[in-house]
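Asker: Sharing target_6.cif here; it has mmCIF, C-alpha atoms and all ligand atoms.
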```cif
data_query
#
loop_
_atom_site.label_atom_id
_atom_site.label_comp_id
_atom_site.auth_asym_id
_atom_site.auth_seq_id
_atom_site.Cartn_x
_atom_site.Cartn_y
_atom_site.Cartn_z
CA MET A 28 -11.49 0.51 16.35
CA ALA A 29 -10.06 -2.75 17.76
CA SER A 30 -12.32 -4.83 15.51
CA ASN A 31 -11.29 -2.71 12.49
CA ASN A 32 -7.67 -3.47 13.31
CA SER A 33 -8.21 -7.18 13.89
CA SER A 34 -10.12 -7.59 10.62
CA VAL A 35 -7.25 -5.89 8.71
CA LEU A 36 -4.68 -8.09 10.47
CA ALA A 37 -6.66 -11.23 9.60
CA PHE A 38 -7.06 -10.03 5.99
CA TYR A 39 -3.29 -9.59 5.52
CA ASP A 40 -2.28 -12.66 7.55
CA THR A 41 -4.28 -14.77 5.07
CA HIS A 42 -3.58 -12.74 1.89
CA PRO A 43 -2.64 -14.72 -1.25
CA ILE A 44 0.52 -12.59 -1.61
CA SER A 45 2.93 -13.19 1.28
CA GLU A 46 6.61 -13.68 2.07
CA THR A 47 6.08 -17.46 1.72
CA GLN A 48 4.41 -17.07 -1.67
CA ILE A 49 7.23 -14.80 -2.92
CA LEU A 50 9.93 -17.24 -1.73
CA GLU A 51 8.10 -20.21 -3.29
CA LYS A 52 7.82 -18.38 -6.61
CA LEU A 53 11.52 -17.43 -6.56
CA ALA A 54 12.41 -21.09 -5.87
CA ALA A 55 10.08 -22.33 -8.62
CA ASP A 56 11.83 -19.94 -11.04
CA GLY A 57 15.23 -21.32 -10.00
CA VAL A 58 16.47 -18.14 -8.28
CA ASP A 59 19.28 -18.85 -5.80
CA LEU A 60 18.52 -16.75 -2.69
CA ALA A 61 22.26 -16.42 -2.01
CA THR A 62 22.55 -14.27 -5.15
CA LEU A 63 19.21 -12.45 -4.85
CA THR A 64 19.29 -8.75 -5.77
CA GLU A 65 16.62 -6.06 -5.83
CA ASP A 66 16.70 -6.13 -9.66
CA ILE A 67 15.33 -9.69 -9.46
CA LEU A 68 13.12 -9.31 -6.38
CA GLN A 69 11.24 -6.28 -7.76
CA ASP A 70 9.45 -8.56 -10.23
CA TYR A 71 7.98 -10.58 -7.33
CA ASP A 72 7.25 -8.27 -4.42
CA GLN A 73 5.20 -5.25 -5.58
CA ASP A 74 1.79 -5.58 -3.88
CA HIS A 75 0.06 -2.60 -5.50
CA PHE A 76 -1.49 -1.72 -8.84
CA GLY A 77 0.92 -1.00 -11.71
CA GLY A 78 4.20 -2.52 -10.45
CA VAL A 79 7.43 -0.55 -10.52
CA GLN A 80 6.05 2.01 -13.01
CA ALA A 81 3.60 3.04 -10.28
CA ASN A 82 6.59 3.47 -7.92
CA ASP A 83 8.29 5.73 -10.46
CA ALA A 84 5.15 7.87 -10.81
CA LEU A 85 4.91 8.13 -7.01
CA ALA A 86 8.60 9.10 -6.78
CA ARG A 87 7.96 11.94 -9.24
CA ALA A 88 4.90 13.05 -7.26
CA GLY A 89 6.99 13.04 -4.07
CA GLY A 90 10.13 14.60 -5.59
CA VAL A 91 12.26 11.71 -4.22
CA ASN A 92 16.03 11.99 -4.72
CA SER A 93 19.17 10.47 -3.23
CA ASP A 94 19.09 12.88 -0.25
CA SER A 95 15.49 12.12 0.70
CA LEU A 96 14.55 10.43 3.94
CA VAL A 97 11.38 8.62 2.90
CA LEU A 98 8.62 7.07 5.03
CA ASP A 99 6.42 4.39 3.42
CA VAL A 100 3.19 4.25 5.44
CA CYS A 101 1.44 0.85 5.24
CA CYS A 102 4.53 -0.55 3.54
CA GLY A 103 3.33 -4.17 3.50
CA LEU A 104 6.14 -6.53 2.48
CA GLY A 105 8.34 -3.55 1.61
CA GLY A 106 8.53 -3.85 -2.20
CA PRO A 107 8.28 -0.09 -2.91
CA ALA A 108 10.62 0.78 0.01
CA ARG A 109 13.34 -1.54 -1.37
CA TYR A 110 12.78 -0.23 -4.90
CA PHE A 111 13.23 3.38 -3.75
CA GLY A 112 16.31 2.49 -1.68
CA GLN A 113 17.93 0.76 -4.65
CA LYS A 114 16.88 3.14 -7.43
CA PHE A 115 17.51 6.45 -5.68
CA GLY A 116 20.05 5.37 -3.08
CA CYS A 117 17.92 7.14 -0.46
CA ARG A 118 17.10 5.98 3.06
CA VAL A 119 13.61 4.55 3.48
CA GLU A 120 11.70 3.59 6.61
CA GLY A 121 8.55 1.52 6.32
CA VAL A 122 5.75 1.20 8.85
CA ASP A 123 2.91 -1.31 8.83
CA MET A 124 0.41 -2.59 11.38
CA THR A 125 0.58 -6.29 10.38
CA ALA A 126 3.53 -7.91 12.18
CA SER A 127 3.81 -10.77 9.66
CA ARG A 128 4.20 -8.19 6.86
CA VAL A 129 6.87 -6.26 8.78
CA GLU A 130 8.85 -9.41 9.63
CA GLY A 131 8.59 -10.55 5.99
CA ALA A 132 9.70 -7.11 4.80
CA LYS A 133 12.78 -7.25 7.04
CA ARG A 134 13.79 -10.74 5.84
CA LEU A 135 13.29 -9.92 2.13
CA THR A 136 15.32 -6.71 2.56
CA GLU A 137 18.14 -8.65 4.20
CA LEU A 138 18.10 -11.15 1.32
CA ALA A 139 18.29 -8.29 -1.21
CA GLY A 140 21.24 -6.74 0.68
CA LEU A 141 19.47 -3.43 1.35
CA SER A 142 19.20 -3.45 5.16
CA ASP A 143 21.79 -0.66 5.42
CA ARG A 144 19.33 1.87 3.97
CA VAL A 145 15.83 0.33 4.21
CA SER A 146 14.27 -0.50 7.60
CA PHE A 147 10.83 -1.38 8.98
CA THR A 148 8.77 -0.80 12.12
CA CYS A 149 5.45 -2.25 13.26
CA GLY A 150 3.00 0.58 13.97
CA ASN A 151 -0.39 2.12 13.28
CA ALA A 152 -0.74 4.92 10.72
CA LEU A 153 -3.21 6.60 13.09
CA ASP A 154 -0.44 7.00 15.67
CA LEU A 155 2.81 7.02 13.71
CA PRO A 156 5.79 6.11 15.93
CA PHE A 157 8.03 8.93 14.61
CA ALA A 158 9.07 12.40 15.76
CA ASP A 159 7.45 15.51 14.24
CA ASN A 160 8.98 16.81 10.97
CA ARG A 161 11.25 13.75 10.58
CA PHE A 162 10.78 12.84 6.91
CA ASP A 163 11.36 14.66 3.60
CA VAL A 164 8.81 12.54 1.75
CA LEU A 165 5.96 10.28 2.87
CA ILE A 166 4.57 7.73 0.41
CA SER A 167 1.75 5.19 0.55
CA GLN A 168 0.01 2.95 -1.96
CA GLU A 169 -3.56 1.61 -1.89
CA ALA A 170 -3.74 1.25 1.87
CA PHE A 171 -5.51 4.29 3.34
CA CYS A 172 -8.82 2.69 2.26
CA HIS A 173 -8.39 0.33 5.23
CA ILE A 174 -8.05 3.16 7.75
CA PRO A 175 -10.99 4.79 9.53
CA ASP A 176 -10.76 8.36 10.85
CA LYS A 177 -9.20 10.09 7.84
CA PRO A 178 -8.74 13.44 9.69
CA THR A 179 -6.40 11.73 12.19
CA LEU A 180 -4.63 9.81 9.43
CA VAL A 181 -4.00 12.98 7.40
CA ALA A 182 -2.86 14.90 10.51
CA GLU A 183 -0.41 12.11 11.39
CA CYS A 184 1.03 12.06 7.85
CA VAL A 185 1.45 15.84 7.79
CA ARG A 186 3.03 15.87 11.28
CA SER A 187 5.65 13.32 10.20
CA VAL A 188 7.02 15.30 7.22
CA ARG A 189 9.03 18.51 7.52
CA PRO A 190 7.57 21.85 6.39
CA GLY A 191 8.21 21.94 2.63
CA GLY A 192 8.20 18.13 2.50
CA ARG A 193 5.91 16.11 0.27
CA ILE A 194 3.24 13.45 0.72
CA ALA A 195 2.65 11.27 -2.36
CA PHE A 196 0.08 8.51 -2.18
CA THR A 197 -2.39 6.48 -4.16
CA ASP A 198 -5.69 5.23 -2.81
CA ILE A 199 -8.91 3.48 -3.74
CA LEU A 200 -11.54 6.22 -3.87
CA ALA A 201 -15.29 6.45 -3.46
CA THR A 202 -17.22 8.32 -6.15
CA GLY A 203 -20.62 9.99 -6.29
CA GLU A 204 -21.96 6.59 -7.43
CA THR A 205 -20.82 4.57 -4.40
CA THR A 206 -23.89 3.27 -2.57
CA PRO A 207 -24.04 2.63 1.19
CA GLU A 208 -24.58 -1.09 0.41
CA THR A 209 -21.36 -1.21 -1.62
CA ARG A 210 -19.40 0.58 1.12
CA GLN A 211 -20.79 -1.89 3.66
CA ARG A 212 -19.87 -4.91 1.54
CA LEU A 213 -16.34 -3.60 0.86
CA THR A 214 -15.86 -3.04 4.60
CA ALA A 215 -17.06 -6.54 5.45
CA GLU A 216 -15.26 -8.40 2.66
CA MET A 217 -12.18 -6.28 1.76
CA THR A 218 -11.71 -4.51 5.14
CA PHE A 219 -12.01 -1.12 3.42
CA ASN A 220 -13.02 0.53 6.67
CA GLU A 221 -13.44 4.01 5.22
CA LEU A 222 -13.33 5.17 1.61
CA ALA A 223 -12.76 8.87 0.88
CA THR A 224 -13.46 10.77 -2.32
CA ALA A 225 -10.74 12.83 -4.04
CA ALA A 226 -12.51 16.01 -2.90
CA GLU A 227 -12.54 14.84 0.73
CA TYR A 228 -8.77 14.22 0.63
CA ARG A 229 -8.22 17.68 -0.91
CA ASP A 230 -10.20 19.32 1.90
CA LEU A 231 -8.45 17.35 4.64
CA PHE A 232 -4.94 18.23 3.42
CA THR A 233 -5.86 21.86 2.81
CA ALA A 234 -7.18 22.07 6.39
CA GLN A 235 -3.76 20.83 7.59
CA ASN A 236 -1.98 23.75 5.90
CA CYS A 237 -0.88 21.77 2.86
CA GLU A 238 -1.11 22.54 -0.85
CA VAL A 239 -2.45 19.79 -3.10
CA LEU A 240 -0.04 20.02 -6.05
CA GLY A 241 -1.86 17.50 -8.22
CA VAL A 242 -4.31 14.61 -8.31
CA ASP A 243 -4.15 12.04 -11.12
CA ASP A 244 -7.37 10.16 -11.81
CA LEU A 245 -6.39 6.47 -12.02
CA GLY A 246 -9.91 5.00 -12.27
CA SER A 247 -9.79 3.78 -15.87
CA GLU A 248 -6.14 2.66 -15.63
CA TRP A 249 -6.93 0.58 -12.54
CA ARG A 250 -10.07 -0.92 -14.10
CA ASP A 251 -7.87 -2.76 -16.61
CA ILE A 252 -5.07 -3.55 -14.14
CA LEU A 253 -7.57 -5.04 -11.70
CA ILE A 254 -9.00 -7.44 -14.27
CA ASP A 255 -5.45 -8.81 -14.72
CA ARG A 256 -4.95 -8.88 -10.96
CA LEU A 257 -8.06 -10.98 -10.43
CA ALA A 258 -6.66 -13.44 -13.01
CA MET A 259 -3.30 -13.42 -11.16
CA TYR A 260 -5.00 -14.25 -7.84
CA ARG A 261 -6.90 -17.07 -9.56
CA SER A 262 -3.60 -18.41 -10.90
CA LEU A 263 -2.42 -18.61 -7.27
CA GLY A 264 -5.54 -20.66 -6.41
CA ASP A 265 -3.73 -23.96 -5.70
CA GLN A 266 -1.25 -22.27 -3.33
CA THR A 267 -3.99 -20.31 -1.57
CA VAL A 268 -6.14 -23.43 -1.12
CA ARG A 269 -3.12 -25.37 0.20
CA ARG A 270 -2.32 -22.68 2.78
CA PHE A 271 -5.78 -21.47 3.86
CA GLY A 272 -8.36 -23.95 2.46
CA GLN A 273 -10.95 -23.94 -0.33
CA ALA A 274 -13.54 -21.94 1.65
CA HIS A 275 -11.03 -19.13 2.19
CA PHE A 276 -10.13 -19.05 -1.51
CA ASP A 277 -13.81 -19.00 -2.54
CA LYS A 278 -14.53 -16.15 -0.09
CA TRP A 279 -11.52 -14.19 -1.39
CA ASP A 280 -12.52 -14.76 -5.01
CA ARG A 281 -16.08 -13.54 -4.36
CA ALA A 282 -14.86 -10.45 -2.54
CA TYR A 283 -12.17 -9.53 -5.09
CA SER A 284 -14.53 -10.09 -8.04
CA PHE A 285 -17.05 -7.71 -6.43
CA PHE A 286 -14.29 -5.13 -5.79
CA VAL A 287 -13.06 -5.31 -9.41
CA GLY A 288 -16.65 -5.04 -10.67
CA CYS A 289 -17.04 -1.71 -8.82
CA TYR A 290 -14.53 -0.17 -11.27
CA GLY A 291 -16.72 -1.28 -14.17
CA THR A 292 -19.84 0.33 -12.67
CA GLY A 293 -18.02 3.56 -11.68
CA GLU A 294 -18.69 2.98 -7.96
CA LEU A 295 -14.95 3.08 -7.28
CA SER A 296 -12.09 5.11 -8.67
CA GLY A 297 -8.45 5.70 -7.81
CA GLY A 298 -6.18 8.67 -7.37
CA ARG A 299 -2.51 9.61 -7.09
CA PHE A 300 -2.02 12.65 -4.87
CA SER A 301 0.96 14.97 -4.67
CA VAL A 302 0.78 17.18 -1.57
CA GLN A 303 3.21 19.68 -0.06
CA ARG A 304 3.29 20.67 3.58
CA LEU A 305 3.53 24.46 3.60
CA THR A 306 4.56 25.33 7.16
C1 LIG B 401 -2.29 -3.16 -0.09
S1 LIG B 401 -1.24 -3.45 1.28
C2 LIG B 401 0.11 -2.36 0.99
C3 LIG B 401 1.03 -2.80 -0.04
C4 LIG B 401 2.27 -1.95 -0.17
N1 LIG B 401 1.96 -0.53 -0.15
C5 LIG B 401 2.95 -2.31 -1.47
O1 LIG B 401 2.82 -1.54 -2.42
O2 LIG B 401 3.61 -3.37 -1.55
C6 LIG B 401 -2.01 -2.55 2.60
C7 LIG B 401 -1.20 -2.57 3.90
O3 LIG B 401 -1.78 -1.62 4.79
C8 LIG B 401 -1.54 -2.09 6.12
N2 LIG B 401 -2.42 -1.34 7.03
C9 LIG B 401 -3.77 -1.28 7.03
N3 LIG B 401 -4.21 -0.48 8.01
C10 LIG B 401 -3.11 0.02 8.65
C11 LIG B 401 -2.91 0.93 9.70
N4 LIG B 401 -3.94 1.50 10.35
N5 LIG B 401 -1.65 1.22 10.07
C12 LIG B 401 -0.58 0.65 9.44
N6 LIG B 401 -0.71 -0.25 8.43
C13 LIG B 401 -1.97 -0.54 8.03
C14 LIG B 401 -1.83 -3.57 6.02
O4 LIG B 401 -1.24 -4.26 7.09
C15 LIG B 401 -1.21 -3.89 4.65
O5 LIG B 401 0.10 -4.38 4.78
#
```
Can you present the structure in this file as C-alpha cells?
Answerer:
Amino acid sequence: MASNNSSVLAFYDTHPISETQILEKLAADGVDLATLTEDILQDYDQDHFGGVQANDALARAGGVNSDSLVLDVCCGLGGPARYFGQKFGCRVEGVDMTASRVEGAKRLTELAGLSDRVSFTCGNALDLPFADNRFDVLISQEAFCHIPDKPTLVAECVRSVRPGGRIAFTDILATGETTPETRQRLTAEMTFNELATAAEYRDLFTAQNCEVLGVDDLGSEWRDILIDRLAMYRSLGDQTVRRFGQAHFDKWDRAYSFFVGCYGTGELSGGRFSVQRLT
C-alpha cells in the first residue's frame, strides 16, 4: 500500500499540469492575478476530461444545488470544487492525498476569492477524514483508478454521505478486453493501481445499500477527448522539460500515448455514475 501511495504522489508531484503551470499560463495570457475570478480561472484549472461541461453533467448526476454540502474526493488542484462553489453557491470541501495539490488548490481558491465556501484537506480516500453522514453529495472525477481496494473506497464514500445523499463520479474503467499485461503497464506507468469495470462498481455500491440511478458510458466520448489531451500535453513539452527534464517528458509521453491507445482498442472505457445512498 505504501508503495502505491508513493508512486501516486510522485506521479502528481511531477505532473505536467500544476499550480505553477496554471500561474505561468495566466501570466503569459496577461491575466492580472489581483483581478482573477473563477470565470477566468475555470478555463485553466480543470484537470479532467471534458472541462466545465463534465462538471455540469456531474452536478446533474449528483443533484447539486445551493443548499448542498459537497465533498470532492481526489480533488486535485480544486478546479471542479471552485466551479461548483461559484456556479451553485454551495459549500464544497475537497480532499486529496498529494500535499502539493492541496496547497495549490488552497492558493488558487484564495486568488479566485472563494475561500469562504471552498476548502481543502490532505487525506486518503481509503480513510476519509470526515464524520459519518456529513455530506449531501460526494463527487469525484477520473481518480478512483489510482486507488486499490475498491470495497474500502466505496464503503468510505458511502459512509461520508447522509442517507438519501448522492455519489456522482466518473472513472477510467476496465472492459472485458483489458489484458493483464495492459493492467500491469497502466499500473507501472500511469499509477492506475486498480481498474474496475462498470459492473464491479454497480455490485460494490449495491452491496453498500445504495441504488445505482444511472451509468453513462463515456468510452467513445473520451476516446476523442484523449487524443486532444495528448496533443495538449505535447504542447506543454517545453515547460515540462524545463521543470522535470527530457527523460521525464519522454517517459510521460510514452505512458500517455499507450493509455490513449487503449481507448482505440477498446481495452479501456469510461463511466459517469449516479448513486443514491438508501439508508
Ligand atoms: C486526475 S487527478 C484529479 C483531478 C481533479 N478531479 C480535477 O478534476 O481537477 C487525480 C487525483 O487523485 C489523487 N489521489 C490518488 N489517489 C488518492 C487517494 N488514495 N486518496 C486521495 N487522493 C488520491 C491524486 O493526488 C490526484 O490529485
Asker: Select the residues contacting ligand LIG 401 (chain B) at a distance of at most 7 Å, based on all atoms listed in the file, then format the selection as a ChimeraX atom specification.
Answerer: /A:32,35-36,39,72-75,100-107,122-125,128,150-153,167-171,173-174
Asker: In Å to one decimal, how far is CA of Ala182 (chain A) from CA of Pro156 (chain A)?
Answerer: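 Between CA of Pro156 (chain A) and CA of Ala182 (chain A) the gap works out to 13.5 Å.
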Asker: Would you list the residues near (-14.2, -0.3, -18.2) (no more than 12 Å away, in the coordinates of the file, using only C-alpha atoms) as a PDB file with C-alpha atoms, in the coordinates of the input?
Answerer:
```
ATOM      1  CA  GLY A 246      -9.910   5.000 -12.270  1.00  0.00           C
ATOM      2  CA  SER A 247      -9.790   3.780 -15.870  1.00  0.00           C
ATOM      3  CA  GLU A 248      -6.140   2.660 -15.630  1.00  0.00           C
ATOM      4  CA  TRP A 249      -6.930   0.580 -12.540  1.00  0.00           C
ATOM      5  CA  ARG A 250     -10.070  -0.920 -14.100  1.00  0.00           C
ATOM      6  CA  ASP A 251      -7.870  -2.760 -16.610  1.00  0.00           C
ATOM      7  CA  ILE A 252      -5.070  -3.550 -14.140  1.00  0.00           C
ATOM      8  CA  LEU A 253      -7.570  -5.040 -11.700  1.00  0.00           C
ATOM      9  CA  ILE A 254      -9.000  -7.440 -14.270  1.00  0.00           C
ATOM     10  CA  VAL A 287     -13.060  -5.310  -9.410  1.00  0.00           C
ATOM     11  CA  GLY A 288     -16.650  -5.040 -10.670  1.00  0.00           C
ATOM     12  CA  CYS A 289     -17.040  -1.710  -8.820  1.00  0.00           C
ATOM     13  CA  TYR A 290     -14.530  -0.170 -11.270  1.00  0.00           C
ATOM     14  CA  GLY A 291     -16.720  -1.280 -14.170  1.00  0.00           C
ATOM     15  CA  THR A 292     -19.840   0.330 -12.670  1.00  0.00           C
ATOM     16  CA  GLY A 293     -18.020   3.560 -11.680  1.00  0.00           C
ATOM     17  CA  GLU A 294     -18.690   2.980  -7.960  1.00  0.00           C
ATOM     18  CA  LEU A 295     -14.950   3.080  -7.280  1.00  0.00           C
ATOM     19  CA  SER A 296     -12.090   5.110  -8.670  1.00  0.00           C
TER      20      SER A 296
END
```
Asker: CA of Leu141 (chain A) and CA of Glu65 (chain A), how far apart in Å?
Answerer: 8.2 Å
Asker: Kindly indicate which residue among A:Lys177, A:Lys278, A:Arg134, A:Arg118 lies nearest to Asp230 (chain A), using all atoms listed in the file for the distances.
Answerer: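 Looking only at the distances to Asp230 (chain A), the closest residue turns out to be A:Lys177.
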Asker: Using all atoms listed in the file, find the one residue out of A:Val188, A:Leu180, A:Leu96, A:Leu245 that sits nearest to Leu200 (chain A).
Answerer: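 Residue with the minimum atom-to-atom distance to Leu200 (chain A): A:Leu245.
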Asker: Could you check the closest approach to Ser187 (chain A) for each of A:Arg87, A:Arg161, A:Arg281, A:Lys133 and tell me which residue wins, using only C-alpha atoms?
Answerer: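 Closest residue, counting only C-alpha atoms: A:Arg161.
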Asker: Which residues of region 103-220 of chain A have any atom within 12 Å of an atom in region 235-238 of chain A when counting all atoms listed in the file, and what is the closest pair of atoms for each, with the distance in Å to one decimal? Order the rows by chain and rising number and write it as a tab-separated table.
Answerer:
```
residue	atom	partner	partner_atom	distance
A:Pro178	CA	A:Gln235	CA	9.2
A:Thr179	CA	A:Gln235	CA	10.5
A:Leu180	CA	A:Gln235	CA	11.2
A:Val181	CA	A:Gln235	CA	7.9
A:Ala182	CA	A:Gln235	CA	6.7
A:Glu183	CA	A:Gln235	CA	10.1
A:Cys184	CA	A:Gln235	CA	10.0
A:Val185	CA	A:Gln235	CA	7.2
A:Arg186	CA	A:Gln235	CA	9.2
A:Val188	CA	A:Cys237	CA	11.1
A:Arg189	CA	A:Cys237	CA	11.4
A:Pro190	CA	A:Cys237	CA	9.2
A:Gly191	CA	A:Cys237	CA	9.1
A:Gly192	CA	A:Cys237	CA	9.8
A:Arg193	CA	A:Cys237	CA	9.2
A:Ile194	CA	A:Cys237	CA	9.5
A:Ala195	CA	A:Glu238	CA	12.0
```
Asker: How many Å lie between CA of Cys172 (chain A) and CA of Arg212 (chain A), rounded to one decimal?
Answerer: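 Between CA of Cys172 (chain A) and CA of Arg212 (chain A) the gap is 13.4 Å.
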Asker: Measuring between all atoms listed in the file, which one of A:Gln273, A:Thr197, A:Leu138, A:Ser262 shows the shortest distance to Ala61 (chain A)?
Answerer: A:Leu138
Asker: I'd like the neighbourhood of Met217 (chain A) as a PyMOL selection string, where a residue qualifies if any of its atoms comes within 10 Å (using all atoms listed in the file), though same-chain residues fewer than 3 positions away should be ignored.
Answerer: chain A and resi 34-35+38+172-173+210-214+220+279+282-283+285-286
Asker: Can you list, as a list in words, every protein, DNA or RNA residue that comes within 8 Å of Gly116 (chain A) when you count all atoms listed in the file, leaving out same-chain residues fewer than 4 positions away?
Answerer: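 These residues fall inside the cut-off: Asn92, Ser93, Phe111, Gly112 and Arg144 of chain A.
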Asker: Could you check the closest approach to Pro43 (chain A) for each of A:Val302, A:Ser284, A:Phe76, A:Asp265 and tell me which residue wins, using all atoms listed in the file?
Answerer: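 The closest residue to Pro43 (chain A) is A:Asp265.
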Asker: Near Leu240 (chain A), counting all atoms listed in the file, which residues have an atom at most 9 Å away, once you skip same-chain residues fewer than 2 positions from it, shown as a ChimeraX atom specification?
Answerer: /A:88,238,242,300-303
Asker: As AutoDock Vina command-line options, what would the box around region 57-69 of chain A look like: edges along x, y and z, 5 Å added on every side, centre and edge lengths in Å to one decimal?
Answerer:
```
--center_x 16.9 --center_y -13.7 --center_z -6.0 --size_x 21.3 --size_y 25.3 --size_z 18.0
```
